[in-house]
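Peer 1: Following this line is final_9.pdb, made up of PDB, C-alpha atoms:
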ATOM      1  CA  MET S   1      14.205  25.739  -4.371
ATOM      2  CA  ILE S   2      11.723  28.621  -4.000
ATOM      3  CA  VAL S   3      10.497  29.073  -0.421
ATOM      4  CA  LEU S   4       7.592  31.255   0.655
ATOM      5  CA  GLY S   5       8.201  32.755   4.101
ATOM      6  CA  LEU S   6       5.379  33.943   6.383
ATOM      7  CA  GLU S   7       6.017  36.076   9.469
ATOM      8  CA  THR S   8       3.087  36.803  11.820
ATOM      9  CA  SER S   9       4.582  36.554  15.304
ATOM     10  CA  CYS S  10       3.442  39.974  16.534
ATOM     11  CA  ASP S  11       2.311  43.180  14.841
ATOM     12  CA  GLU S  12       3.797  42.889  11.346
ATOM     13  CA  THR S  13       2.580  40.707   8.489
ATOM     14  CA  GLY S  14       5.597  39.827   6.364
ATOM     15  CA  LEU S  15       5.786  37.597   3.283
ATOM     16  CA  ALA S  16       8.772  36.887   1.067
ATOM     17  CA  LEU S  17      10.004  34.518  -1.631
ATOM     18  CA  TYR S  18      13.554  33.184  -1.391
ATOM     19  CA  ASP S  19      15.180  31.319  -4.278
ATOM     20  CA  SER S  20      18.163  29.169  -3.311
ATOM     21  CA  GLU S  21      19.822  30.038  -6.648
ATOM     22  CA  LYS S  22      18.810  33.665  -7.194
ATOM     23  CA  GLY S  23      18.418  34.889  -3.617
ATOM     24  CA  LEU S  24      15.548  37.068  -2.435
ATOM     25  CA  LEU S  25      12.951  37.386  -5.196
ATOM     26  CA  GLY S  26      10.684  39.817  -3.382
ATOM     27  CA  GLN S  27       9.072  40.715  -0.091
ATOM     28  CA  VAL S  28       6.060  42.614   1.203
ATOM     29  CA  LEU S  29       5.418  43.907   4.684
ATOM     30  CA  TYR S  30       2.394  45.388   6.395
ATOM     31  CA  SER S  31       2.949  47.066   9.747
ATOM     32  CA  GLN S  32       0.172  47.446  12.316
ATOM     33  CA  ILE S  33       1.866  50.374  14.073
ATOM     34  CA  GLN S  34      -1.017  52.785  13.462
ATOM     35  CA  LEU S  35      -3.523  50.177  14.668
ATOM     36  CA  HIS S  36      -1.788  49.755  18.036
ATOM     37  CA  ALA S  37      -0.371  53.271  18.484
ATOM     38  CA  GLU S  38      -3.412  54.618  20.338
ATOM     39  CA  TYR S  39      -3.024  51.843  22.934
ATOM     40  CA  GLY S  40       0.710  52.418  23.429
ATOM     41  CA  GLY S  41       1.517  48.783  22.637
ATOM     42  CA  VAL S  42       0.364  45.673  20.821
ATOM     43  CA  VAL S  43      -3.170  44.401  21.502
ATOM     44  CA  PRO S  44      -2.929  40.635  20.743
ATOM     45  CA  GLU S  45      -6.515  40.115  19.546
ATOM     46  CA  LEU S  46      -6.366  43.089  17.188
ATOM     47  CA  ALA S  47      -3.032  41.840  15.835
ATOM     48  CA  SER S  48      -4.457  38.383  15.068
ATOM     49  CA  ARG S  49      -7.496  39.783  13.252
ATOM     50  CA  ASP S  50      -5.365  42.098  11.146
ATOM     51  CA  HIS S  51      -3.101  39.232  10.059
ATOM     52  CA  VAL S  52      -6.191  37.349   8.862
ATOM     53  CA  ARG S  53      -7.262  40.342   6.788
ATOM     54  CA  LYS S  54      -3.855  40.945   5.209
ATOM     55  CA  LEU S  55      -2.380  37.508   4.414
ATOM     56  CA  ILE S  56      -4.216  36.806   1.138
ATOM     57  CA  PRO S  57      -3.899  40.343  -0.354
ATOM     58  CA  LEU S  58      -0.194  40.406   0.574
ATOM     59  CA  LEU S  59       0.417  36.990  -0.997
ATOM     60  CA  GLU S  60      -1.218  38.138  -4.225
ATOM     61  CA  GLU S  61       0.889  41.318  -4.184
ATOM     62  CA  LEU S  62       4.082  39.325  -3.579
ATOM     63  CA  LEU S  63       3.407  36.857  -6.400
ATOM     64  CA  SER S  64       2.640  39.705  -8.802
ATOM     65  CA  GLN S  65       5.756  41.618  -7.730
ATOM     66  CA  SER S  66       8.004  38.562  -8.107
ATOM     67  CA  GLY S  67       6.491  37.162 -11.303
ATOM     68  CA  ILE S  68       5.959  33.827  -9.586
ATOM     69  CA  THR S  69       2.842  31.639  -9.568
ATOM     70  CA  LYS S  70       1.670  29.571  -6.601
ATOM     71  CA  LYS S  71       2.597  26.380  -8.462
ATOM     72  CA  GLN S  72       6.239  27.493  -8.681
ATOM     73  CA  ILE S  73       6.548  27.608  -4.884
ATOM     74  CA  ASP S  74       8.510  24.567  -3.697
ATOM     75  CA  ALA S  75       7.975  24.897   0.059
ATOM     76  CA  ILE S  76       6.447  27.132   2.713
ATOM     77  CA  ALA S  77       8.063  28.325   5.937
ATOM     78  CA  TYR S  78       6.065  30.050   8.659
ATOM     79  CA  THR S  79       6.918  31.424  12.094
ATOM     80  CA  ARG S  80       6.126  28.760  14.691
ATOM     81  CA  GLY S  81       7.303  30.823  17.657
ATOM     82  CA  PRO S  82       8.088  32.555  19.890
ATOM     83  CA  GLY S  83       5.428  35.237  19.749
ATOM     84  CA  LEU S  84       1.758  35.929  20.428
ATOM     85  CA  MET S  85      -0.292  32.729  20.258
ATOM     86  CA  GLY S  86      -3.143  34.137  18.143
ATOM     87  CA  ALA S  87      -0.813  35.916  15.741
ATOM     88  CA  LEU S  88       1.342  32.819  15.335
ATOM     89  CA  MET S  89      -1.705  30.647  14.664
ATOM     90  CA  THR S  90      -2.919  32.815  11.783
ATOM     91  CA  GLY S  91       0.334  32.467   9.863
ATOM     92  CA  ALA S  92       0.837  28.810  10.786
ATOM     93  CA  LEU S  93      -2.665  27.756   9.724
ATOM     94  CA  PHE S  94      -2.487  29.799   6.531
ATOM     95  CA  GLY S  95       0.927  28.397   5.635
ATOM     96  CA  ARG S  96       0.060  24.791   6.464
ATOM     97  CA  ALA S  97      -3.245  24.962   4.539
ATOM     98  CA  LEU S  98      -1.588  26.528   1.493
ATOM     99  CA  ALA S  99       1.157  23.907   1.539
ATOM    100  CA  PHE S 100      -1.457  21.134   1.727
ATOM    101  CA  ALA S 101      -3.392  22.622  -1.184
ATOM    102  CA  LEU S 102      -0.223  22.852  -3.293
ATOM    103  CA  ASN S 103       1.057  19.453  -2.100
ATOM    104  CA  LYS S 104       4.299  21.064  -0.935
ATOM    105  CA  PRO S 105       6.307  20.640   2.281
ATOM    106  CA  ALA S 106       5.924  23.149   5.119
ATOM    107  CA  ILE S 107       8.078  23.909   8.131
ATOM    108  CA  GLY S 108       7.706  26.004  11.279
ATOM    109  CA  VAL S 109      10.619  28.363  11.902
ATOM    110  CA  HIS S 110      12.011  29.873  15.094
ATOM    111  CA  HIS S 111      11.495  33.651  14.949
ATOM    112  CA  MET S 112      14.820  34.523  16.596
ATOM    113  CA  GLU S 113      16.766  32.050  14.463
ATOM    114  CA  GLY S 114      15.305  33.915  11.514
ATOM    115  CA  HIS S 115      16.581  37.219  12.912
ATOM    116  CA  MET S 116      20.006  35.744  13.627
ATOM    117  CA  LEU S 117      20.374  34.348  10.098
ATOM    118  CA  ALA S 118      19.073  37.495   8.345
ATOM    119  CA  PRO S 119      22.583  39.033   8.074
ATOM    120  CA  LEU S 120      23.550  35.989   5.957
ATOM    121  CA  LEU S 121      21.337  37.491   3.235
ATOM    122  CA  SER S 122      23.637  40.535   2.945
ATOM    123  CA  ASP S 123      26.331  41.041   0.291
ATOM    124  CA  THR S 124      29.057  40.282   2.863
ATOM    125  CA  PRO S 125      27.585  37.522   5.034
ATOM    126  CA  PRO S 126      29.352  36.357   8.212
ATOM    127  CA  GLN S 127      30.780  32.865   8.382
ATOM    128  CA  PHE S 128      30.184  30.427  11.242
ATOM    129  CA  PRO S 129      31.159  30.410  14.060
ATOM    130  CA  PHE S 130      30.177  33.789  15.507
ATOM    131  CA  VAL S 131      28.675  35.439  18.569
ATOM    132  CA  ALA S 132      25.122  36.694  18.031
ATOM    133  CA  LEU S 133      23.598  39.625  19.915
ATOM    134  CA  LEU S 134      19.825  39.290  19.555
ATOM    135  CA  VAL S 135      18.037  42.469  20.601
ATOM    136  CA  SER S 136      14.332  43.082  20.080
ATOM    137  CA  GLY S 137      11.178  44.028  21.941
ATOM    138  CA  GLY S 138      10.964  40.602  23.534
ATOM    139  CA  HIS S 139      14.532  39.293  23.599
ATOM    140  CA  THR S 140      18.030  40.327  24.623
ATOM    141  CA  GLN S 141      20.430  37.423  24.278
ATOM    142  CA  LEU S 142      24.061  36.689  23.545
ATOM    143  CA  MET S 143      24.599  33.377  21.800
ATOM    144  CA  ALA S 144      27.503  31.445  20.353
ATOM    145  CA  ALA S 145      26.453  30.139  16.924
ATOM    146  CA  TYR S 146      28.628  27.302  15.630
ATOM    147  CA  ASP S 147      26.393  26.195  12.758
ATOM    148  CA  ILE S 148      22.710  26.100  11.764
ATOM    149  CA  GLY S 149      20.884  24.738  14.810
ATOM    150  CA  LYS S 150      24.031  24.501  16.933
ATOM    151  CA  TYR S 151      23.694  27.330  19.438
ATOM    152  CA  GLU S 152      24.796  28.053  22.997
ATOM    153  CA  ILE S 153      23.200  30.759  25.143
ATOM    154  CA  LEU S 154      25.934  32.840  26.756
ATOM    155  CA  GLY S 155      23.662  35.297  28.553
ATOM    156  CA  GLU S 156      20.202  36.833  28.418
ATOM    157  CA  SER S 157      17.966  39.369  30.128
ATOM    158  CA  ILE S 158      16.407  38.385  33.440
ATOM    159  CA  ASP S 159      13.655  40.994  33.084
ATOM    160  CA  ASP S 160      12.895  43.648  30.450
ATOM    161  CA  ALA S 161      14.456  43.190  27.025
ATOM    162  CA  ALA S 162      16.285  46.183  25.533
ATOM    163  CA  GLY S 163      13.514  46.885  23.022
ATOM    164  CA  GLU S 164      10.911  46.601  25.754
ATOM    165  CA  ALA S 165      12.820  49.160  27.847
ATOM    166  CA  PHE S 166      12.877  51.544  24.867
ATOM    167  CA  ASP S 167       9.102  51.193  24.448
ATOM    168  CA  LYS S 168       8.338  51.682  28.150
ATOM    169  CA  VAL S 169      10.573  54.741  28.518
ATOM    170  CA  ALA S 170       9.047  56.227  25.366
ATOM    171  CA  LYS S 171       5.608  55.758  26.898
ATOM    172  CA  MET S 172       6.761  57.564  30.062
ATOM    173  CA  MET S 173       7.874  60.454  27.843
ATOM    174  CA  ASP S 174       4.598  60.492  25.874
ATOM    175  CA  LEU S 175       6.400  59.529  22.666
ATOM    176  CA  PRO S 176       4.517  57.582  19.979
ATOM    177  CA  TYR S 177       4.684  53.788  19.647
ATOM    178  CA  PRO S 178       7.029  52.097  18.764
ATOM    179  CA  GLY S 179       9.407  53.639  21.262
ATOM    180  CA  GLY S 180      12.841  52.685  19.921
ATOM    181  CA  PRO S 181      12.917  54.810  16.744
ATOM    182  CA  ASN S 182      11.293  57.770  18.517
ATOM    183  CA  ILE S 183      13.747  57.671  21.439
ATOM    184  CA  ALA S 184      16.632  57.526  18.929
ATOM    185  CA  LYS S 185      15.221  60.470  16.966
ATOM    186  CA  LEU S 186      14.795  62.596  20.087
ATOM    187  CA  ALA S 187      18.278  61.620  21.314
ATOM    188  CA  LEU S 188      19.873  63.258  18.268
ATOM    189  CA  ASN S 189      19.202  66.658  19.877
ATOM    190  CA  GLY S 190      20.296  65.661  23.367
ATOM    191  CA  ASP S 191      23.471  65.318  25.436
ATOM    192  CA  ALA S 192      24.268  61.673  26.134
ATOM    193  CA  GLN S 193      26.366  62.687  29.148
ATOM    194  CA  ALA S 194      23.721  64.915  30.742
ATOM    195  CA  PHE S 195      22.470  62.208  33.117
ATOM    196  CA  GLU S 196      24.447  59.331  34.589
ATOM    197  CA  PHE S 197      22.001  56.465  34.315
ATOM    198  CA  PRO S 198      23.028  53.035  35.640
ATOM    199  CA  ARG S 199      24.576  50.365  33.415
ATOM    200  CA  PRO S 200      22.822  47.357  35.007
ATOM    201  CA  MET S 201      24.906  44.237  35.731
ATOM    202  CA  LEU S 202      27.714  45.613  33.581
ATOM    203  CA  HIS S 203      30.336  43.607  35.437
ATOM    204  CA  LYS S 204      28.248  40.502  36.153
ATOM    205  CA  ASP S 205      28.952  37.830  33.536
ATOM    206  CA  LEU S 206      26.775  38.161  30.416
ATOM    207  CA  VAL S 207      23.405  38.655  32.119
ATOM    208  CA  PHE S 208      21.226  41.636  31.163
ATOM    209  CA  SER S 209      18.730  43.585  33.275
ATOM    210  CA  PHE S 210      17.038  46.794  32.153
ATOM    211  CA  SER S 211      14.187  47.182  34.654
ATOM    212  CA  GLY S 212      16.363  49.212  37.065
ATOM    213  CA  LEU S 213      17.464  51.538  34.273
ATOM    214  CA  LYS S 214      13.821  52.092  33.342
ATOM    215  CA  THR S 215      13.049  53.011  36.972
ATOM    216  CA  ALA S 216      15.991  55.432  37.110
ATOM    217  CA  VAL S 217      14.667  57.220  34.036
ATOM    218  CA  SER S 218      11.201  57.447  35.591
ATOM    219  CA  VAL S 219      12.651  59.059  38.734
ATOM    220  CA  GLN S 220      14.710  61.546  36.706
ATOM    221  CA  LEU S 221      11.746  62.528  34.540
ATOM    222  CA  LYS S 222       9.828  63.564  37.655
ATOM    223  CA  LYS S 223      12.784  65.591  38.931
ATOM    224  CA  VAL S 224      13.137  67.661  35.745
ATOM    225  CA  GLN S 225       9.478  67.870  34.808
ATOM    226  CA  GLY S 226       8.753  71.084  32.910
ATOM    227  CA  GLU S 227      12.443  71.894  32.307
ATOM    228  CA  GLY S 228      12.540  70.722  28.686
ATOM    229  CA  ARG S 229      15.241  68.104  29.300
ATOM    230  CA  GLU S 230      13.532  65.290  27.367
ATOM    231  CA  ALA S 231      16.161  65.143  24.609
ATOM    232  CA  ASP S 232      18.968  64.880  27.176
ATOM    233  CA  ILE S 233      17.146  62.101  29.010
ATOM    234  CA  ALA S 234      16.520  60.224  25.747
ATOM    235  CA  ALA S 235      20.178  60.511  24.738
ATOM    236  CA  SER S 236      21.474  59.496  28.176
ATOM    237  CA  PHE S 237      19.073  56.566  28.396
ATOM    238  CA  GLN S 238      19.998  55.362  24.907
ATOM    239  CA  GLU S 239      23.703  55.626  25.753
ATOM    240  CA  ALA S 240      23.226  53.491  28.866
ATOM    241  CA  ILE S 241      21.587  50.731  26.816
ATOM    242  CA  VAL S 242      24.127  50.983  24.004
ATOM    243  CA  GLU S 243      27.139  50.895  26.324
ATOM    244  CA  THR S 244      25.745  47.898  28.205
ATOM    245  CA  LEU S 245      25.076  45.939  25.009
ATOM    246  CA  ALA S 246      28.463  46.815  23.510
ATOM    247  CA  LYS S 247      30.539  45.941  26.585
ATOM    248  CA  LYS S 248      28.731  42.645  27.101
ATOM    249  CA  SER S 249      29.275  41.806  23.427
ATOM    250  CA  VAL S 250      33.004  42.490  23.694
ATOM    251  CA  LYS S 251      33.121  40.336  26.823
ATOM    252  CA  ALA S 252      31.332  37.496  24.980
ATOM    253  CA  LEU S 253      33.815  37.639  22.101
ATOM    254  CA  LYS S 254      36.776  37.522  24.470
ATOM    255  CA  GLN S 255      35.189  34.698  26.460
ATOM    256  CA  THR S 256      34.591  32.535  23.371
ATOM    257  CA  GLY S 257      37.695  33.568  21.460
ATOM    258  CA  LEU S 258      35.563  34.369  18.410
ATOM    259  CA  LYS S 259      36.176  37.384  16.185
ATOM    260  CA  ARG S 260      32.787  37.872  14.528
ATOM    261  CA  LEU S 261      29.688  39.459  16.072
ATOM    262  CA  VAL S 262      26.279  39.295  14.402
ATOM    263  CA  ILE S 263      23.682  41.730  15.738
ATOM    264  CA  ALA S 264      20.038  41.096  14.845
ATOM    265  CA  GLY S 265      16.517  42.078  15.861
ATOM    266  CA  GLY S 266      14.680  45.393  15.774
ATOM    267  CA  VAL S 267      17.123  47.233  18.064
ATOM    268  CA  SER S 268      19.989  46.317  15.703
ATOM    269  CA  ALA S 269      18.753  49.143  13.452
ATOM    270  CA  ASN S 270      19.757  51.686  16.121
ATOM    271  CA  VAL S 271      22.470  53.850  14.542
ATOM    272  CA  ARG S 272      24.200  54.719  17.816
ATOM    273  CA  LEU S 273      24.453  51.028  18.733
ATOM    274  CA  ARG S 274      26.037  50.207  15.387
ATOM    275  CA  GLU S 275      28.543  53.051  15.775
ATOM    276  CA  LYS S 276      29.504  51.937  19.281
ATOM    277  CA  LEU S 277      29.901  48.283  18.299
ATOM    278  CA  GLU S 278      32.018  49.083  15.247
ATOM    279  CA  ASN S 279      34.281  51.315  17.334
ATOM    280  CA  ASP S 280      34.661  48.916  20.279
ATOM    281  CA  LEU S 281      35.140  45.810  18.137
ATOM    282  CA  SER S 282      37.817  47.463  16.016
ATOM    283  CA  LYS S 283      39.909  47.779  19.196
ATOM    284  CA  ILE S 284      39.967  43.992  19.621
ATOM    285  CA  LYS S 285      40.298  43.314  15.869
ATOM    286  CA  ALA S 286      36.804  41.824  15.617
ATOM    287  CA  SER S 287      34.101  42.470  13.021
ATOM    288  CA  VAL S 288      30.398  43.228  13.363
ATOM    289  CA  TYR S 289      27.702  42.154  10.899
ATOM    290  CA  TYR S 290      24.058  43.131  10.672
ATOM    291  CA  ALA S 291      21.167  42.787   8.273
ATOM    292  CA  GLU S 292      20.033  45.382   5.780
ATOM    293  CA  PRO S 293      17.723  47.953   7.464
ATOM    294  CA  ALA S 294      14.623  46.428   5.828
ATOM    295  CA  LEU S 295      15.513  43.035   7.349
ATOM    296  CA  CYS S 296      16.153  44.236  10.922
ATOM    297  CA  THR S 297      12.505  44.373  11.947
ATOM    298  CA  ASP S 298      10.173  41.373  11.608
ATOM    299  CA  ASN S 299       9.946  40.250   7.976
ATOM    300  CA  GLY S 300       9.132  37.265   5.790
ATOM    301  CA  ALA S 301      12.566  37.116   4.136
ATOM    302  CA  MET S 302      14.315  35.929   7.293
ATOM    303  CA  ILE S 303      11.675  33.206   7.763
ATOM    304  CA  ALA S 304      11.964  32.021   4.154
ATOM    305  CA  PHE S 305      15.767  31.890   4.408
ATOM    306  CA  ALA S 306      15.829  30.163   7.803
ATOM    307  CA  GLY S 307      13.233  27.700   6.555
ATOM    308  CA  TYR S 308      15.325  26.913   3.483
ATOM    309  CA  GLN S 309      18.350  26.088   5.654
ATOM    310  CA  ARG S 310      16.349  23.261   7.212
ATOM    311  CA  LEU S 311      14.230  22.232   4.230
ATOM    312  CA  LYS S 312      17.298  21.664   2.026
ATOM    313  CA  ASN S 313      18.349  18.864   4.377
ATOM    314  CA  GLY S 314      14.977  17.165   4.184
ATOM    315  CA  ALA S 315      13.355  18.580   7.323
ATOM    316  CA  CYS S 316       9.624  19.338   7.219
ATOM    317  CA  ASP S 317       6.592  19.280   9.518
ATOM    318  CA  GLY S 318       3.551  17.019   9.395
ATOM    319  CA  LEU S 319      -0.042  18.061   8.862
ATOM    320  CA  ALA S 320      -0.566  18.977  12.525
ATOM    321  CA  VAL S 321      -0.086  22.698  13.163
ATOM    322  CA  THR S 322       2.058  23.489  16.183
ATOM    323  CA  THR S 323       2.844  26.952  17.515
ATOM    324  CA  THR S 324       5.225  27.611  20.397
ATOM    325  CA  PRO S 325       4.808  31.051  22.043
ATOM    326  CA  ARG S 326       7.760  30.316  24.371
ATOM    327  CA  TRP S 327      10.555  28.490  22.590
ATOM    328  CA  PRO S 328      14.228  28.586  23.718
ATOM    329  CA  MET S 329      16.644  28.479  20.793
ATOM    330  CA  THR S 330      18.674  25.836  22.596
ATOM    331  CA  GLU S 331      15.809  23.406  21.897
ATOM    332  CA  LEU S 332      16.407  23.664  18.146
ATOM    333  CA  GLU S 333      17.972  20.656  16.458
ATOM    334  CA  GLN S 334      20.826  20.767  13.982
ATOM    335  CA  PRO S 335      19.464  19.881  10.509
TER     336      PRO S 335
END
Rewrite the structure from the file as structure tokens, please.
Peer 2:
Amino acid sequence: MIVLGLETSCDETGLALYDSEKGLLGQVLYSQIQLHAEYGGVVPELASRDHVRKLIPLLEELLSQSGITKKQIDAIAYTRGPGLMGALMTGALFGRALAFALNKPAIGVHHMEGHMLAPLLSDTPPQFPFVALLVSGGHTQLMAAYDIGKYEILGESIDDAAGEAFDKVAKMMDLPYPGGPNIAKLALNGDAQAFEFPRPMLHKDLVFSFSGLKTAVSVQLKKVQGEGREADIAASFQEAIVETLAKKSVKALKQTGLKRLVIAGGVSANVRLREKLENDLSKIKASVYYAEPALCTDNGAMIAFAGYQRLKNGACDGLAVTTTPRWPMTELEQP
């Protein structure tokens, strides 16, 4: 089965073709970073319009790159949610209309399920069950994954997500958007022990909260203004986030008795976080898995693969197009 995946939940237009026998045939990705950079964050209406402009040219590029014709596509998977309503609608309507024209089945996919399953596309995929740490601009969650569609939320953020905290602190420091990669780059030249920032709710179950950490950074920036301590602040801030995520992940593994951790989402590309997790998990004889760097950020491959997992069991959506900007993963059904 060849599945076309469409990802348009936010500010990246991603398309990919996944073959159930050959694996990933090809993928294309257009990022709107430059479009939104001058605003310091994503402008929903601009994001929607840009998806409309890019979907057809990207599809043509993908088909040419993969040597596949439209008629060879067996099914189409698109991001149904969560995400920005307008952005979601562009991909959903495009995918549903294309599927109708080709007389093929279509299915709406959960964006975060796509992220969580992306590491299964690697050369050494994790086996169920595992604990999943989902960290992105909009989500910070720990979940127990027992099978496709069989998930249990262990803990999540009650305010800012980790990626959101990175973006907001970067904005305070006048760093370009997106904040995460730029904070990480600046942190390479800083001392992670220079400032003792709080590790919010470190000892309170598996709940996350990063708004207080963001405030602490804001206060410290004002104190050292003009002293050239930005790299130290970036490194110390990053370390606070990394340590919090790592310790909560270890706690989740011990609580569930599982020995595999899957980390997914944009923040999973953070090198310091990967180093910390590998080190801490080795102490409890557990393993960590993550997607290839190109599959950490939003992409069509994860949507095509997640869609296939449900399509192969006969699941598909009707002609009505439904998008779900807020969509808890616990509402997903097991295929």
Peer 1: Here's the selection I'm unsure about, the PyMOL selection byres ((chain S and resi 165) around 10); applied to the file above, which residues does it give, as number ranges by chain?
Peer 2: S: 136-138, 159-164, 166-171, 179-180, 209-215, 237-238, 241
Peer 1: How about saving the chosen residues, C-alpha atoms kept, as an mmCIF file, keeping the file's coordinate frame?
Peer 2:
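Below is the file result26.cif, written as the result:
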data_model
loop_
_atom_site.group_PDB
_atom_site.id
_atom_site.type_symbol
_atom_site.label_atom_id
_atom_site.label_comp_id
_atom_site.auth_asym_id
_atom_site.auth_seq_id
_atom_site.Cartn_x
_atom_site.Cartn_y
_atom_site.Cartn_z
ATOM 1 C CA SER S 136 14.332 43.082 20.080
ATOM 2 C CA GLY S 137 11.178 44.028 21.941
ATOM 3 C CA GLY S 138 10.964 40.602 23.534
ATOM 4 C CA ASP S 159 13.655 40.994 33.084
ATOM 5 C CA ASP S 160 12.895 43.648 30.450
ATOM 6 C CA ALA S 161 14.456 43.190 27.025
ATOM 7 C CA ALA S 162 16.285 46.183 25.533
ATOM 8 C CA GLY S 163 13.514 46.885 23.022
ATOM 9 C CA GLU S 164 10.911 46.601 25.754
ATOM 10 C CA PHE S 166 12.877 51.544 24.867
ATOM 11 C CA ASP S 167 9.102 51.193 24.448
ATOM 12 C CA LYS S 168 8.338 51.682 28.150
ATOM 13 C CA VAL S 169 10.573 54.741 28.518
ATOM 14 C CA ALA S 170 9.047 56.227 25.366
ATOM 15 C CA LYS S 171 5.608 55.758 26.898
ATOM 16 C CA GLY S 179 9.407 53.639 21.262
ATOM 17 C CA GLY S 180 12.841 52.685 19.921
ATOM 18 C CA SER S 209 18.730 43.585 33.275
ATOM 19 C CA PHE S 210 17.038 46.794 32.153
ATOM 20 C CA SER S 211 14.187 47.182 34.654
ATOM 21 C CA GLY S 212 16.363 49.212 37.065
ATOM 22 C CA LEU S 213 17.464 51.538 34.273
ATOM 23 C CA LYS S 214 13.821 52.092 33.342
ATOM 24 C CA THR S 215 13.049 53.011 36.972
ATOM 25 C CA PHE S 237 19.073 56.566 28.396
ATOM 26 C CA GLN S 238 19.998 55.362 24.907
ATOM 27 C CA ILE S 241 21.587 50.731 26.816
#
Peer 1: For S:His203, work out the shell of residues within 12 Å, counting all atoms listed in the file and skipping chain neighbours fewer than 2 positions away, then give it as JSON, numbers by chain.
Peer 2: {"S": [198, 199, 200, 201, 205, 206, 207, 208, 209, 244, 245, 247, 248, 251]}
Peer 1: I'd like to know which of S:Met112, S:Ile56, S:Leu134, S:Ala194 is closest to S:Gly81, using all atoms listed in the file.
Peer 2: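 Once distances to S:Gly81 are computed over all atoms listed in the file, the minimum belongs to S:Met112.
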Peer 1: List the spatial neighbours of stretch 120-132 of chain S as a PyMOL selection string - criterion: any atom at most 10 Å away, all atoms listed in the file, same-chain residues fewer than 2 positions off excluded.
Peer 2: chain S and resi 23-24+115-118+134-135+141-148+150-154+249-250+252-253+256-264+287-292+295+301-302+305-306
Peer 1: Counting only C-alpha atoms, figure out which residue out of S:Ala269, S:Ile183, S:Ala286, S:Leu58 gets nearest to S:Glu239.
Peer 2: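 The closest residue to S:Glu239 is S:Ile183.
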Peer 1: Could you give me, as an MDAnalysis selection string, the residues within 8 Å of S:Asp280, counting only C-alpha atoms and dropping anything in the same chain fewer than 4 positions from it?
Peer 2: chainID S and resid 246 250 276 284
Peer 1: Please report, as AutoDock Vina command-line options, the centre and edge lengths in Å to one decimal of an axis-aligned box covering all listed atoms of stretch 250-264 of chain S with 3 Å per side.
Peer 2:
--center_x 28.9 --center_y 37.5 --center_z 20.6 --size_x 23.7 --size_y 16.0 --size_z 18.4
Peer 1: Quick one: residues within 8 Å of stretch 95-101 of chain S, only C-alpha atoms, excluding same-chain residues fewer than 5 positions away - as number ranges by chain?
Peer 2: S: 6, 75-78, 106, 319, 321
Peer 1: Work out how far atom CA of S:Phe195 is from atom CA of S:Ser236, in Å to one decimal.
Peer 2: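 Distance reported for this atom pair: 5.7 Å.
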Peer 1: So which residues touch stretch 27-40 of chain S within 7 Å, counting only C-alpha atoms, skipping near sequence neighbours fewer than 5 positions away, as a PyMOL selection string?
Peer 2: chain S and resi 11-17+58+62+171+176-177+299-301
Peer 1: Suppose you want the space between atom CA of S:Pro82 and atom CA of S:His139; what is it in Å?
Peer 2: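 Distance reported for this atom pair: 10.0 Å.
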Peer 1: Rounded to one decimal, what separation in Å do you get between atom CA of S:Asp317 and atom CA of S:Lys22?
Peer 2: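 Result for atom CA of S:Asp317 versus atom CA of S:Lys22: 25.2 Å, one decimal.
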Peer 1: From the options S:Asp174, S:Glu333, S:Glu243, S:Asp74, which residue's atoms come nearest to S:Leu221, counting only C-alpha atoms?
Peer 2: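 With only C-alpha atoms as the atom set, the closest residue is S:Asp174.
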Peer 1: Let me make sure I understand: among S:Arg229, S:Lys223, S:Lys104, S:Lys54, which one has the smallest atom-to-atom distance to S:Ala192 if we use all atoms listed in the file?
Peer 2: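 Closest to S:Ala192, using all atoms listed in the file: S:Arg229.
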